[in-house]
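Engineer: Would you mind keeping the following structure in view while I ask a few things?
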Amino acid sequence: MHMQRADILSNIAASGTGTDPQRLSELAAELDIPAADLLVVAGHPVPAELLPPDRDPRVMREFAFRASHCNHLQLASLEAFVRSLPRHAATAPFVQPVSGPYRPAGTGFGSVLNGLIRNRGFGVRELPFMGLSRSTLNMIVTAPWEPDRHRRHQLVCLAGPLAWTLPDLFALAGEPYSEEFRPGTLCRHVGRVFTAAVHLTTSQLIEATEEADRLTAREDYGVFQLVSQGFVAECPDHL
């Protein structure tokens with residue numbers, strides 16, 4: 001099954017610009033991948049209706065941070081809560097925040113990764129801690145994706161927050177996958193919450209942040225606290 005999916009994803013990445021967007025949407029449903037993601041992989045523009053609404057990136061960053069403290073049972077409850085919130089018509093399209101002088105790559109795998117990050121309403125600064133430094137993340141989305149001994153570790157860290165499985169993201173990057181690989185700091189169940197929250201407004205993100213705190217009984221001490229380790233050891237995908 002992984003080989004079949006790998007071939008499909010590799011083909012879309014290599015020649016997806018010639019594939020009709022409607023067919024890509026159908027494939028996305030078959031593969032259980034957001035249609036916006038498969039459009040990015042294929043090199044197609046993503047329609048505004050598939051992108052997040054305009055919202056405060058600082059609030060998105062705080063929501064992501066608080067959600068990352070949930071265990072798997074809490075993540076399931078938080079995802080259900082997020083999906084229960086009504087969808088409002090976007091007043092303006094989402095514009096991805098840019099991190100300082102860095103400009104995302106226009107082509108290649110770095111461009112794809114940045115598109116996947118953008119599809120969830122993040123800029124690099126808004127991502128939760130995932131085991132990679134901010135400078136490394138900026139390099140990943142701006143520089144050409146070239147052979148490097150750190151690439152597999154980077155994919156392991158990136159897959160979870162993007163809600164992509166490790167085999168799928170490795171196939172997309174053209175890197176060899178091994179069943180021995182495990183999620184880094186955060187697994188895809190955290191990413192599922194971020195994907196579910198794509199259409200939330202700023203006020204709804206605040207509601208969802210409060211719900212995450214209620215679920216974890218987390219107190220805000222007014223100072224930075226290290227993110228949890230994402231409960232990756234408990235991830236049902238790898239038990």
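Residues in the structure tokens are named by chain (A, B, ... in the order shown) and by number from 1 within that chain; ligands are numbered from 1 in the order shown.
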In segment 25-236 of chain A, what's alpha helix (DSSP H) per DSSP? Answer as a ChimeraX atom specification?
Structural biologist: /A:25-31,35-42,57-67,72-84,108-119,134-142,151-159,166-173,188-196,202-216
Engineer: Hey, which bits of segment 168-211 of chain A sit within 10 Å of segment 31-51 of chain A, and for each residue what's the closest pair of atoms and how far apart in Å (one decimal), counting only C-alpha atoms, rows by chain and increasing number, as a tab-separated table?
Structural biologist:
residue	atom	partner	partner_atom	distance
A:Asp168	CA	A:Ile33	CA	9.9
A:Leu172	CA	A:Val41	CA	8.1
A:Thr195	CA	A:Pro34	CA	8.3
A:Val198	CA	A:Leu51	CA	7.0
A:His199	CA	A:Leu51	CA	7.3
Engineer: Nearest to Pro167 of chain A among A:Thr209, A:Asp237, A:Thr202, A:Pro57, with distances taken over only C-alpha atoms: which residue is it?
Structural biologist: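 Of A:Thr209, A:Asp237, A:Thr202, A:Pro57, the one nearest Pro167 of chain A is A:Asp237, counting only C-alpha atoms.
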Engineer: Quick one: of A:Gly121, A:Pro236, A:Gly160, A:Pro176, who's nearest to Val59 of chain A, counting only C-alpha atoms?
Structural biologist: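 Answer, going by the shortest atom-to-atom distance: A:Gly121.
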Engineer: Counting only C-alpha atoms, which residue out of A:Glu126, A:Thr136, A:Phe94, A:Thr165 sits closest to His189 of chain A?
Structural biologist: A:Thr165
